[in-house]
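Undergrad: For reference, the file run-v4.json (JSON, C-alpha atoms and all ligand atoms) is included below:
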[["chain", "number", "residue", "atom", "x", "y", "z"],
["S", 531, "MET", "CA", -77.32, -166.51, 122.12],
["S", 532, "HIS", "CA", -78.68, -166.50, 118.60],
["S", 533, "ARG", "CA", -78.38, -169.88, 116.97],
["S", 534, "LEU", "CA", -79.54, -171.13, 113.66],
["S", 535, "GLN", "CA", -81.67, -174.20, 113.96],
["S", 536, "ASN", "CA", -79.58, -177.25, 113.45],
["S", 537, "ALA", "CA", -81.61, -178.80, 110.71],
["S", 538, "GLY", "CA", -79.35, -181.63, 109.69],
["S", 539, "ARG", "CA", -76.41, -181.81, 107.36],
["S", 540, "ASP", "CA", -77.85, -180.09, 104.33],
["S", 541, "SER", "CA", -76.53, -176.63, 103.68],
["S", 542, "GLY", "CA", -79.76, -174.91, 102.73],
["S", 543, "LYS", "CA", -79.93, -171.14, 102.71],
["S", 544, "THR", "CA", -81.50, -169.14, 105.50],
["S", 545, "ASN", "CA", -81.80, -165.42, 104.87],
["S", 546, "GLY", "CA", -79.20, -165.71, 102.15],
["S", 547, "VAL", "CA", -76.67, -167.23, 104.52],
["S", 548, "ASP", "CA", -75.47, -170.80, 104.33],
["S", 549, "ARG", "CA", -76.93, -172.77, 107.17],
["S", 550, "VAL", "CA", -74.18, -174.07, 109.43],
["S", 551, "THR", "CA", -74.23, -177.70, 110.31],
["S", 552, "THR", "CA", -72.74, -177.43, 113.80],
["S", 553, "ASP", "CA", -74.54, -175.66, 116.60],
["S", 554, "LYS", "CA", -72.02, -172.84, 116.73],
["S", 555, "PRO", "CA", -73.69, -169.42, 116.72],
["S", 556, "ILE", "CA", -73.81, -167.88, 113.27],
["S", 557, "PRO", "CA", -71.24, -165.07, 112.90],
["S", 558, "ILE", "CA", -72.97, -161.69, 112.85],
["S", 559, "GLY", "CA", -71.18, -158.43, 112.13],
["S", 560, "ARG", "CA", -72.48, -154.92, 111.67],
["S", 561, "PHE", "CA", -71.71, -151.48, 110.34],
["S", 562, "ALA", "CA", -73.10, -148.70, 112.51],
["S", 563, "PRO", "CA", -72.74, -145.31, 110.86],
["S", 564, "SER", "CA", -73.98, -142.12, 112.48],
["S", 565, "PRO", "CA", -76.23, -140.17, 110.09],
["S", 566, "THR", "CA", -74.13, -137.04, 110.31],
["S", 567, "GLY", "CA", -73.23, -136.65, 106.63],
["S", 568, "SER", "CA", -72.38, -138.62, 103.52],
["S", 569, "LEU", "CA", -70.27, -141.76, 103.55],
["S", 570, "HIS", "CA", -66.64, -140.75, 103.17],
["S", 571, "LEU", "CA", -63.61, -142.86, 102.31],
["S", 572, "GLY", "CA", -62.79, -143.62, 105.96],
["S", 573, "SER", "CA", -66.26, -144.95, 106.70],
["S", 574, "LEU", "CA", -66.45, -146.90, 103.44],
["S", 575, "TYR", "CA", -63.14, -148.52, 104.40],
["S", 576, "THR", "CA", -64.59, -149.61, 107.77],
["S", 577, "ALA", "CA", -67.76, -150.86, 106.10],
["S", 578, "LEU", "CA", -65.78, -152.82, 103.50],
["S", 579, "ALA", "CA", -63.57, -154.53, 106.09],
["S", 580, "GLY", "CA", -66.59, -155.43, 108.23],
["S", 581, "PHE", "CA", -68.43, -156.78, 105.20],
["S", 582, "LEU", "CA", -65.46, -158.89, 104.07],
["S", 583, "HIS", "CA", -64.90, -160.23, 107.57],
["S", 584, "ALA", "CA", -68.55, -161.24, 108.10],
["S", 585, "ARG", "CA", -68.91, -162.72, 104.62],
["S", 586, "SER", "CA", -65.63, -164.64, 104.85],
["S", 587, "LEU", "CA", -66.99, -166.24, 108.03],
["S", 588, "ARG", "CA", -70.18, -167.05, 106.10],
["S", 589, "GLY", "CA", -72.00, -164.81, 108.52],
["S", 590, "LYS", "CA", -74.55, -162.06, 108.38],
["S", 591, "TRP", "CA", -73.71, -158.38, 108.04],
["S", 592, "LEU", "CA", -76.20, -155.94, 109.49],
["S", 593, "ILE", "CA", -76.60, -152.19, 109.28],
["S", 594, "ARG", "CA", -77.53, -150.10, 112.26],
["S", 595, "ILE", "CA", -78.01, -146.36, 112.01],
["S", 596, "ASP", "CA", -76.60, -144.79, 115.19],
["S", 597, "ASP", "CA", -79.00, -141.87, 115.32],
["S", 598, "LEU", "CA", -79.31, -141.12, 119.04],
["S", 599, "ASP", "CA", -77.18, -137.98, 119.06],
["S", 600, "THR", "CA", -80.01, -136.01, 117.48],
["S", 601, "PRO", "CA", -78.32, -132.58, 117.45],
["S", 602, "ARG", "CA", -75.63, -134.03, 115.16],
["S", 603, "ASN", "CA", -77.97, -135.87, 112.80],
["S", 604, "ILE", "CA", -78.34, -134.50, 109.30],
["S", 605, "LYS", "CA", -81.68, -135.04, 107.66],
["S", 606, "GLY", "CA", -81.54, -137.46, 104.73],
["S", 607, "SER", "CA", -78.03, -138.67, 105.44],
["S", 608, "ALA", "CA", -79.08, -142.16, 106.59],
["S", 609, "ASP", "CA", -80.71, -142.73, 103.21],
["S", 610, "THR", "CA", -77.69, -141.33, 101.39],
["S", 611, "ILE", "CA", -75.37, -143.64, 103.33],
["S", 612, "LEU", "CA", -77.54, -146.67, 102.53],
["S", 613, "ALA", "CA", -77.71, -145.78, 98.84],
["S", 614, "THR", "CA", -73.93, -145.41, 98.76],
["S", 615, "LEU", "CA", -73.33, -148.80, 100.42],
["S", 616, "ASP", "CA", -75.67, -150.34, 97.88],
["S", 617, "ALA", "CA", -73.89, -148.66, 94.97],
["S", 618, "PHE", "CA", -70.59, -150.09, 96.23],
["S", 619, "GLY", "CA", -72.02, -153.61, 96.32],
["S", 620, "LEU", "CA", -71.97, -153.77, 100.13],
["S", 621, "HIS", "CA", -75.35, -155.45, 100.48],
["S", 622, "TRP", "CA", -76.54, -156.12, 104.00],
["S", 623, "ASP", "CA", -78.83, -158.69, 105.61],
["S", 624, "ASP", "CA", -82.15, -158.10, 107.34],
["S", 625, "ASN", "CA", -83.85, -154.76, 107.81],
["S", 626, "VAL", "CA", -81.82, -151.68, 108.62],
["S", 627, "ASP", "CA", -82.01, -150.99, 112.35],
["S", 628, "TYR", "CA", -82.33, -147.51, 113.86],
["S", 629, "GLN", "CA", -81.27, -146.85, 117.45],
["S", 630, "SER", "CA", -83.95, -144.19, 117.83],
["S", 631, "ARG", "CA", -86.60, -146.94, 117.73],
["S", 632, "HIS", "CA", -85.29, -148.52, 120.92],
["S", 633, "LEU", "CA", -85.37, -145.68, 123.45],
["S", 634, "ASP", "CA", -87.60, -147.59, 125.87],
["S", 635, "LEU", "CA", -85.17, -150.48, 125.95],
["S", 636, "TYR", "CA", -82.19, -148.26, 126.86],
["S", 637, "ASN", "CA", -84.18, -146.56, 129.61],
["S", 638, "ASP", "CA", -85.40, -149.91, 130.98],
["S", 639, "ARG", "CA", -81.85, -151.20, 131.19],
["S", 640, "LEU", "CA", -80.78, -147.99, 132.93],
["S", 641, "ASN", "CA", -83.51, -148.55, 135.50],
["S", 642, "ASP", "CA", -82.20, -152.06, 136.10],
["S", 643, "LEU", "CA", -78.73, -150.67, 136.77],
["S", 644, "ALA", "CA", -80.21, -148.00, 139.07],
["S", 645, "LYS", "CA", -82.08, -150.63, 141.08],
["S", 646, "ASN", "CA", -78.79, -152.40, 141.64],
["S", 647, "GLY", "CA", -77.08, -149.20, 142.78],
["S", 648, "LEU", "CA", -74.68, -149.27, 139.83],
["S", 649, "ILE", "CA", -75.40, -145.83, 138.40],
["S", 650, "TYR", "CA", -75.85, -142.42, 139.96],
["S", 651, "PRO", "CA", -77.01, -138.99, 138.91],
["S", 652, "CYS", "CA", -74.28, -136.41, 138.32],
["S", 653, "THR", "CA", -75.22, -132.74, 138.48],
["S", 654, "CYS", "CA", -71.69, -131.41, 138.02],
["S", 655, "SER", "CA", -71.47, -128.32, 135.87],
["S", 656, "ARG", "CA", -69.40, -128.11, 132.74],
["S", 657, "LYS", "CA", -67.09, -125.77, 134.67],
["S", 658, "THR", "CA", -66.53, -128.31, 137.47],
["S", 659, "LEU", "CA", -65.85, -131.04, 134.93],
["S", 660, "SER", "CA", -63.40, -129.00, 132.89],
["S", 661, "SER", "CA", -61.44, -128.13, 136.06],
["S", 662, "ILE", "CA", -60.60, -131.83, 136.54],
["S", 663, "GLY", "CA", -57.08, -131.89, 135.15],
["S", 664, "SER", "CA", -56.81, -135.63, 134.51],
["S", 665, "GLY", "CA", -60.17, -135.72, 132.73],
["S", 666, "ILE", "CA", -60.98, -138.73, 134.90],
["S", 667, "TYR", "CA", -64.13, -138.01, 136.89],
["S", 668, "PRO", "CA", -63.32, -138.40, 140.62],
["S", 669, "GLY", "CA", -66.79, -139.52, 141.68],
["S", 670, "ILE", "CA", -67.94, -136.19, 143.13],
["S", 671, "CYS", "CA", -71.63, -137.10, 142.87],
["S", 672, "ARG", "CA", -71.33, -140.79, 143.80],
["S", 673, "SER", "CA", -73.50, -140.49, 146.90],
["S", 674, "LYS", "CA", -76.25, -138.33, 145.38],
["S", 675, "PRO", "CA", -79.72, -139.82, 145.88],
["S", 676, "TYR", "CA", -81.51, -141.21, 142.85],
["S", 677, "PRO", "CA", -83.25, -139.52, 141.11],
["S", 678, "PRO", "CA", -82.35, -135.90, 141.82],
["S", 679, "GLU", "CA", -84.44, -132.85, 140.99],
["S", 680, "ALA", "CA", -81.87, -130.94, 138.98],
["S", 681, "PRO", "CA", -80.90, -131.82, 135.40],
["S", 682, "HIS", "CA", -78.32, -134.57, 135.62],
["S", 683, "ALA", "CA", -76.28, -137.06, 133.70],
["S", 684, "LEU", "CA", -76.18, -140.72, 134.74],
["S", 685, "ARG", "CA", -72.78, -142.22, 135.46],
["S", 686, "VAL", "CA", -71.85, -145.83, 136.03],
["S", 687, "LYS", "CA", -69.71, -146.71, 139.05],
["S", 688, "THR", "CA", -66.42, -148.20, 137.93],
["S", 689, "ASP", "CA", -63.97, -150.14, 140.06],
["S", 690, "SER", "CA", -60.33, -151.07, 139.69],
["S", 691, "ARG", "CA", -60.93, -154.46, 138.11],
["S", 692, "ILE", "CA", -58.77, -155.04, 135.07],
["S", 693, "ILE", "CA", -60.69, -155.39, 131.85],
["S", 694, "ALA", "CA", -58.63, -157.28, 129.30],
["S", 695, "PHE", "CA", -59.43, -158.58, 125.85],
["S", 696, "ARG", "CA", -57.51, -159.87, 122.88],
["S", 697, "ASP", "CA", -58.21, -157.77, 119.84],
["S", 698, "GLU", "CA", -57.98, -159.69, 116.56],
["S", 699, "LEU", "CA", -55.49, -157.16, 115.19],
["S", 700, "GLN", "CA", -54.20, -155.09, 118.10],
["S", 701, "GLY", "CA", -53.41, -157.93, 120.49],
["S", 702, "LEU", "CA", -53.94, -157.82, 124.24],
["S", 703, "ILE", "CA", -55.58, -154.65, 125.51],
["S", 704, "SER", "CA", -56.03, -154.16, 129.21],
["S", 705, "HIS", "CA", -57.51, -151.30, 131.23],
["S", 706, "ASN", "CA", -57.92, -150.44, 134.88],
["S", 707, "LEU", "CA", -61.26, -148.68, 134.59],
["S", 708, "ALA", "CA", -61.09, -146.76, 137.86],
["S", 709, "GLU", "CA", -57.63, -145.39, 137.05],
["S", 710, "GLN", "CA", -57.88, -144.92, 133.30],
["S", 711, "ASP", "CA", -61.52, -144.11, 132.70],
["S", 712, "GLY", "CA", -63.33, -143.26, 135.93],
["S", 713, "ASP", "CA", -67.11, -143.31, 136.29],
["S", 714, "PHE", "CA", -68.36, -142.63, 132.78],
["S", 715, "ILE", "CA", -71.64, -141.29, 131.44],
["S", 716, "LEU", "CA", -74.44, -143.58, 130.23],
["S", 717, "LYS", "CA", -77.07, -140.88, 129.79],
["S", 718, "ARG", "CA", -76.19, -137.28, 129.11],
["S", 719, "LYS", "CA", -77.57, -134.25, 130.89],
["S", 720, "ASP", "CA", -79.52, -133.42, 127.73],
["S", 721, "ARG", "CA", -81.23, -136.83, 128.21],
["S", 722, "ILE", "CA", -79.51, -138.39, 125.21],
["S", 723, "ILE", "CA", -78.40, -141.99, 125.74],
["S", 724, "ALA", "CA", -74.61, -142.07, 125.49],
["S", 725, "TYR", "CA", -72.91, -144.01, 122.70],
["S", 726, "GLN", "CA", -71.11, -146.31, 125.23],
["S", 727, "PHE", "CA", -74.35, -147.55, 126.66],
["S", 728, "ALA", "CA", -76.45, -147.76, 123.51],
["S", 729, "VAL", "CA", -73.79, -149.69, 121.60],
["S", 730, "VAL", "CA", -73.67, -152.41, 124.26],
["S", 731, "ILE", "CA", -77.44, -152.81, 124.38],
["S", 732, "ASP", "CA", -77.68, -152.79, 120.57],
["S", 733, "ASP", "CA", -74.88, -155.24, 119.88],
["S", 734, "ASP", "CA", -76.56, -157.66, 122.28],
["S", 735, "ARG", "CA", -80.04, -156.99, 120.89],
["S", 736, "GLN", "CA", -78.81, -157.72, 117.37],
["S", 737, "HIS", "CA", -76.77, -160.77, 118.48],
["S", 738, "ILE", "CA", -73.59, -159.21, 117.11],
["S", 739, "ASN", "CA", -70.60, -161.43, 117.83],
["S", 740, "HIS", "CA", -67.96, -159.91, 115.50],
["S", 741, "ILE", "CA", -67.24, -156.20, 115.72],
["S", 742, "VAL", "CA", -64.98, -154.60, 113.13],
["S", 743, "ARG", "CA", -64.37, -150.86, 113.53],
["S", 744, "GLY", "CA", -61.64, -148.25, 113.67],
["S", 745, "CYS", "CA", -58.85, -148.02, 116.24],
["S", 746, "ASP", "CA", -60.25, -144.68, 117.33],
["S", 747, "LEU", "CA", -62.67, -146.78, 119.40],
["S", 748, "LEU", "CA", -60.07, -149.15, 120.87],
["S", 749, "ASP", "CA", -59.91, -147.27, 124.19],
["S", 750, "GLU", "CA", -63.69, -147.24, 124.46],
["S", 751, "THR", "CA", -63.90, -151.01, 124.26],
["S", 752, "PRO", "CA", -62.97, -151.80, 127.90],
["S", 753, "LYS", "CA", -65.86, -149.59, 129.01],
["S", 754, "GLN", "CA", -68.20, -151.53, 126.76],
["S", 755, "ILE", "CA", -66.90, -154.86, 128.05],
["S", 756, "TYR", "CA", -67.40, -153.64, 131.63],
["S", 757, "LEU", "CA", -71.02, -152.77, 130.83],
["S", 758, "GLN", "CA", -71.48, -156.20, 129.24],
["S", 759, "GLN", "CA", -70.23, -157.72, 132.49],
["S", 760, "LEU", "CA", -72.58, -155.61, 134.63],
["S", 761, "LEU", "CA", -75.54, -156.52, 132.43],
["S", 762, "GLY", "CA", -74.61, -160.20, 132.10],
["S", 763, "LEU", "CA", -74.13, -159.99, 128.32],
["S", 764, "ALA", "CA", -71.71, -161.86, 126.08],
["S", 765, "THR", "CA", -68.60, -160.08, 124.81],
["S", 766, "PRO", "CA", -68.19, -160.19, 121.03],
["S", 767, "ALA", "CA", -64.88, -160.65, 119.19],
["S", 768, "TYR", "CA", -63.30, -157.29, 118.40],
["S", 769, "MET", "CA", -61.16, -156.29, 115.43],
["S", 770, "HIS", "CA", -59.94, -152.70, 115.51],
["S", 771, "LEU", "CA", -58.67, -151.57, 112.12],
["S", 772, "PRO", "CA", -55.93, -149.03, 111.64],
["S", 773, "VAL", "CA", -57.48, -145.64, 110.98],
["S", 774, "ILE", "CA", -56.74, -143.95, 107.67],
["S", 775, "VAL", "CA", -54.73, -140.78, 108.05],
["S", 776, "ASP", "CA", -53.47, -138.20, 105.59],
["S", 777, "SER", "CA", -49.80, -137.67, 104.79],
["S", 778, "GLN", "CA", -49.47, -135.42, 107.86],
["S", 779, "GLY", "CA", -50.77, -138.19, 110.10],
["S", 780, "TYR", "CA", -54.17, -136.61, 110.72],
["S", 781, "LYS", "CA", -57.47, -138.43, 110.57],
["S", 782, "LEU", "CA", -59.28, -137.78, 107.30],
["S", 783, "SER", "CA", -61.13, -134.50, 107.51],
["S", 784, "LYS", "CA", -63.41, -132.58, 105.19],
["S", 785, "GLN", "CA", -60.30, -130.84, 103.82],
["S", 786, "THR", "CA", -58.50, -134.06, 102.95],
["S", 787, "ARG", "CA", -60.50, -136.94, 101.55],
["S", 788, "ALA", "CA", -63.43, -136.99, 103.91],
["S", 789, "THR", "CA", -65.57, -135.74, 101.09],
["S", 790, "ALA", "CA", -68.32, -138.05, 99.92],
["S", 791, "VAL", "CA", -67.04, -141.01, 97.93],
["S", 792, "ASP", "CA", -67.82, -141.02, 94.24],
["S", 793, "SER", "CA", -70.17, -143.89, 93.50],
["S", 794, "LYS", "CA", -69.86, -143.52, 89.72],
["S", 795, "ALA", "CA", -66.81, -145.77, 89.62],
["S", 796, "PRO", "CA", -67.31, -148.07, 92.62],
["S", 797, "GLU", "CA", -64.86, -150.73, 91.41],
["S", 798, "ALA", "CA", -61.99, -148.23, 91.32],
["S", 799, "VAL", "CA", -62.67, -147.08, 94.89],
["S", 800, "ILE", "CA", -63.08, -150.62, 96.20],
["S", 801, "PHE", "CA", -59.87, -151.65, 94.41],
["S", 802, "GLU", "CA", -58.01, -148.79, 96.09],
["S", 803, "LEU", "CA", -59.44, -149.71, 99.49],
["S", 804, "LEU", "CA", -58.46, -153.37, 99.04],
["S", 805, "GLN", "CA", -54.91, -152.22, 98.41],
["S", 806, "LEU", "CA", -55.06, -150.05, 101.51],
["S", 807, "LEU", "CA", -56.32, -153.06, 103.50],
["S", 808, "LYS", "CA", -53.24, -154.93, 102.18],
["S", 809, "GLN", "CA", -55.31, -157.55, 100.37],
["S", 810, "ASN", "CA", -53.14, -157.41, 97.20],
["S", 811, "PRO", "CA", -55.95, -157.53, 94.64],
["S", 812, "PRO", "CA", -54.56, -158.77, 91.28],
["S", 813, "HIS", "CA", -54.29, -156.05, 88.64],
["S", 814, "GLU", "CA", -56.52, -158.02, 86.23],
["S", 815, "LEU", "CA", -59.40, -157.27, 88.60],
["S", 816, "GLN", "CA", -58.95, -153.52, 88.44],
["S", 817, "HIS", "CA", -61.78, -153.01, 85.98],
["S", 818, "THR", "CA", -64.07, -155.92, 86.81],
["S", 819, "PRO", "CA", -67.59, -155.14, 88.06],
["S", 820, "VAL", "CA", -67.67, -154.39, 91.77],
["S", 821, "ASN", "CA", -69.63, -157.53, 92.71],
["S", 822, "GLU", "CA", -66.96, -159.77, 91.17],
["S", 823, "LEU", "CA", -64.23, -157.80, 92.87],
["S", 824, "LEU", "CA", -66.01, -158.24, 96.19],
["S", 825, "ASP", "CA", -66.45, -161.97, 95.60],
["S", 826, "TRP", "CA", -62.70, -162.23, 95.08],
["S", 827, "ALA", "CA", -62.07, -160.16, 98.21],
["S", 828, "VAL", "CA", -64.37, -162.27, 100.39],
["S", 829, "ALA", "CA", -62.69, -165.47, 99.20],
["S", 830, "HIS", "CA", -59.22, -164.03, 99.90],
["S", 831, "TRP", "CA", -59.88, -161.91, 103.00],
["S", 832, "ASN", "CA", -56.86, -162.01, 105.27],
["S", 833, "PRO", "CA", -56.30, -159.06, 107.58],
["S", 834, "VAL", "CA", -53.05, -160.43, 109.07],
["S", 835, "SER", "CA", -50.93, -157.73, 107.40],
["S", 836, "LEU", "CA", -52.82, -155.10, 109.40],
["S", 837, "LYS", "CA", -51.73, -156.58, 112.73],
["S", 838, "ASN", "CA", -50.40, -154.16, 115.32],
["S", 839, "THR", "CA", -50.99, -151.21, 112.99],
["S", 840, "ARG", "CA", -53.00, -148.29, 114.32],
["S", 841, "LYS", "CA", -52.65, -145.88, 111.41],
["S", 842, "LEU", "CA", -52.50, -146.22, 107.64],
["S", 843, "ALA", "CA", -51.48, -143.23, 105.53],
["S", 844, "ILE", "CA", -53.00, -142.58, 102.11],
["E", 1, "LIG", "N1", -71.74, -144.81, 115.26],
["E", 1, "LIG", "C1", -70.44, -145.11, 115.77],
["E", 1, "LIG", "C2", -69.41, -144.36, 114.94],
["E", 1, "LIG", "O1", -69.71, -144.02, 113.81],
["E", 1, "LIG", "C3", -70.23, -146.61, 115.67],
["E", 1, "LIG", "C4", -69.19, -147.05, 116.55],
["E", 1, "LIG", "C5", -69.04, -148.55, 116.63],
["E", 1, "LIG", "O2", -68.82, -149.17, 115.60],
["E", 1, "LIG", "O3", -69.17, -149.08, 117.73],
["E", 1, "LIG", "O4", -68.34, -144.06, 115.41],
["E", 2, "ZN", "ZN", -71.19, -134.83, 139.31]]
Now that the file is in, can you turn its structure into structure tokens?
Ligand code: GLU
Ligand code: ZN
TA:
Amino acid sequence: MHRLQNAGRDSGKTNGVDRVTTDKPIPIGRFAPSPTGSLHLGSLYTALAGFLHARSLRGKWLIRIDDLDTPRNIKGSADTILATLDAFGLHWDDNVDYQSRHLDLYNDRLNDLAKNGLIYPCTCSRKTLSSIGSGIYPGICRSKPYPPEAPHALRVKTDSRIIAFRDELQGLISHNLAEQDGDFILKRKDRIIAYQFAVVIDDDRQHINHIVRGCDLLDETPKQIYLQQLLGLATPAYMHLPVIVDSQGYKLSKQTRATAVDSKAPEAVIFELLQLLKQNPPHELQHTPVNELLDWAVAHWNPVSLKNTRKLAI
């Protein structure tokens, strides 16, 4: 666990963060965009909430670029995303982290799981997989020797243990992994490390203990907690925000407002997002510079009005 040195009662600054005087771990949050295009309103909303949450806890807020899914990456978009966050006053701590710089670590951890008999190679074809009506993989390849000759994915063996956690907004979530998820993929047949696995290794590597992200990932969380258990890692606190949908109830798409946000008037966009996040920003602040607006929002951050809400329409 990452702890700040307990250097007495003074509240000096360490990396721009107030030093805590107890030996509680410092809160660390993150925003982890995939570099697949510009930052749109939905991702700015997630970034803003994560920033406000971490800052209101007097914690750090880190940026990680989730760039493992190389076929989907768009050249230059990581830099565009970072410039946009900066323009909106969402300043992060430490150096930006890139998943692609940690490939050896993911593969080492996969080898550890293999040694313990917890993963297995799956050579099932796309056709076989799509014929499984439930979508839950029935363990066809469970007894395949490791490693096989043919191209293969790596799956983790699940069992029927119940994985339960209390989400800070969505309440108690519980999953029976064997029944609801089945053995899921940690490394794809194209050799790309799967999101589920990388995110668990990264959040631990970066000492993340507060995760704020969209509800679209709520059902993925039990898988991540299961992997944390297998690897002996701590489970962070989770806050799954309602996802923004259009008036028809669909997730924002390129046709709706998933176009790049306009960073020429950042305070207007942040003001709108604070209203969406039910923070009731006072009207007097509508035209104040974005940094002042954010200072107000950090001091007043209270996500309670978002409780038990999975969708927010704009
Ligand atoms: N790169 C992932 C996404 O954009 C991050 C997911 C997460 O926050 O865990 O969906
Ligand atoms: Zn298989």
Undergrad: Can you check which parts of chain S lie within 7 Å of ligand LIG 1 (chain E)? Per residue, the shortest pair of atoms and distance in Å to one decimal, counting all atoms listed in the file, sorted by chain and number, as a Markdown table.
TA:
| residue | atom | partner | partner_atom | distance |
| --- | --- | --- | --- | --- |
| S:Phe561 | CA | E:LIG1 | O2 | 6.4 |
| S:Ala562 | CA | E:LIG1 | C3 | 4.8 |
| S:Pro563 | CA | E:LIG1 | O1 | 4.4 |
| S:Ser564 | CA | E:LIG1 | N1 | 4.5 |
| S:Asp596 | CA | E:LIG1 | N1 | 4.9 |
| S:Val729 | CA | E:LIG1 | O3 | 6.1 |
| S:Arg743 | CA | E:LIG1 | O2 | 5.2 |
Undergrad: List every residue of chain S that has an atom at most 9 Å from any atom of ligand ZN 2 (chain E), giving for each one its closest atom pair and the distance in Å to one decimal, counting all atoms listed in the file, sorted by chain and then by ascending residue number, as a tab-separated table.
TA:
residue	atom	partner	partner_atom	distance
S:Tyr650	CA	E:ZN2	ZN	8.9
S:Pro651	CA	E:ZN2	ZN	7.2
S:Cys652	CA	E:ZN2	ZN	3.6
S:Thr653	CA	E:ZN2	ZN	4.6
S:Cys654	CA	E:ZN2	ZN	3.7
S:Ser655	CA	E:ZN2	ZN	7.4
S:Thr658	CA	E:ZN2	ZN	8.2
S:Leu659	CA	E:ZN2	ZN	7.9
S:Tyr667	CA	E:ZN2	ZN	8.1
S:Pro668	CA	E:ZN2	ZN	8.7
S:Gly669	CA	E:ZN2	ZN	6.9
S:Ile670	CA	E:ZN2	ZN	5.2
S:Cys671	CA	E:ZN2	ZN	4.2
S:Arg672	CA	E:ZN2	ZN	7.5
S:Lys674	CA	E:ZN2	ZN	8.6
S:His682	CA	E:ZN2	ZN	8.0
S:Ala683	CA	E:ZN2	ZN	7.9
S:Leu684	CA	E:ZN2	ZN	9.0
S:Arg685	CA	E:ZN2	ZN	8.5
Undergrad: Which of these, S:Ile611, S:Glu679, S:Ile662, S:Lys837, has the shortest distance to Leu574 of chain S once you count all atoms listed in the file?
TA: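 Smallest separation from Leu574 of chain S among the options: S:Ile611.
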Undergrad: List the spatial neighbours of Val834 of chain S as a list in words - criterion: any atom at most 10 Å away, only C-alpha atoms, same-chain residues fewer than 6 positions off excluded.
TA: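 Here the answer would be Glu698, Leu699, Leu807, Lys808 and Gln809 of chain S.
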Undergrad: Using only C-alpha atoms, which of S:Leu707, S:Ile738, S:Leu763, S:Ala790 sits nearest Gly559 of chain S?
TA: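 Using only C-alpha atoms, Gly559 of chain S sits closest to S:Ile738.
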Undergrad: May I ask which of the residues S:Leu648, S:Ala843, S:Ile723, S:Ala708 is the closest one to Leu761 of chain S, counting all atoms listed in the file?
TA: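 Nearest candidate to Leu761 of chain S out of S:Leu648, S:Ala843, S:Ile723, S:Ala708: S:Leu648.
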Undergrad: Name the closest residue to Ile556 of chain S among the candidates S:His770, S:Asn641, S:Gly589, S:Phe727; distances are taken between atoms, counting all atoms listed in the file.
TA: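 Ranked by minimum distance to Ile556 of chain S, first place goes to S:Gly589.
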Undergrad: From the options S:Asn838, S:Pro677, S:Tyr756, S:Phe695, which residue's atoms come nearest to Phe714 of chain S, counting all atoms listed in the file?
TA: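 Closest to Phe714 of chain S, using all atoms listed in the file: S:Tyr756.
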Undergrad: Which protein, DNA or RNA residues have an atom at most 10 Å from (-64.0, -161.1, 117.1), counting only C-alpha atoms? List them as a list in words.
TA: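 Those residues lying close to the given coordinates are Pro557, Ile558, Gly559, His583, Arg696, Asp697, Glu698, Leu699, Ile738, Asn739, His740, Ile741, Val742, Thr765, Pro766, Ala767, Tyr768, Met769 and His770 of chain S.
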Undergrad: Just the selected residues (C-alpha atoms), exported as a PDB file, in the frame of the given file, please.
TA:
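What follows is the written file result_2.pdb:
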ATOM      1  CA  PRO S 557     -71.240-165.070 112.900  1.00  0.00           C
ATOM      2  CA  ILE S 558     -72.970-161.690 112.850  1.00  0.00           C
ATOM      3  CA  GLY S 559     -71.180-158.430 112.130  1.00  0.00           C
ATOM      4  CA  HIS S 583     -64.900-160.230 107.570  1.00  0.00           C
ATOM      5  CA  ARG S 696     -57.510-159.870 122.880  1.00  0.00           C
ATOM      6  CA  ASP S 697     -58.210-157.770 119.840  1.00  0.00           C
ATOM      7  CA  GLU S 698     -57.980-159.690 116.560  1.00  0.00           C
ATOM      8  CA  LEU S 699     -55.490-157.160 115.190  1.00  0.00           C
ATOM      9  CA  ILE S 738     -73.590-159.210 117.110  1.00  0.00           C
ATOM     10  CA  ASN S 739     -70.600-161.430 117.830  1.00  0.00           C
ATOM     11  CA  HIS S 740     -67.960-159.910 115.500  1.00  0.00           C
ATOM     12  CA  ILE S 741     -67.240-156.200 115.720  1.00  0.00           C
ATOM     13  CA  VAL S 742     -64.980-154.600 113.130  1.00  0.00           C
ATOM     14  CA  THR S 765     -68.600-160.080 124.810  1.00  0.00           C
ATOM     15  CA  PRO S 766     -68.190-160.190 121.030  1.00  0.00           C
ATOM     16  CA  ALA S 767     -64.880-160.650 119.190  1.00  0.00           C
ATOM     17  CA  TYR S 768     -63.300-157.290 118.400  1.00  0.00           C
ATOM     18  CA  MET S 769     -61.160-156.290 115.430  1.00  0.00           C
ATOM     19  CA  HIS S 770     -59.940-152.700 115.510  1.00  0.00           C
TER      20      HIS S 770
END
Undergrad: With distances taken over all atoms listed in the file, which residue among S:Tyr780, S:Tyr725, S:Trp622, S:Tyr628 lies nearest Gln754 of chain S?
TA: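 Nearest candidate to Gln754 of chain S out of S:Tyr780, S:Tyr725, S:Trp622, S:Tyr628: S:Tyr725.
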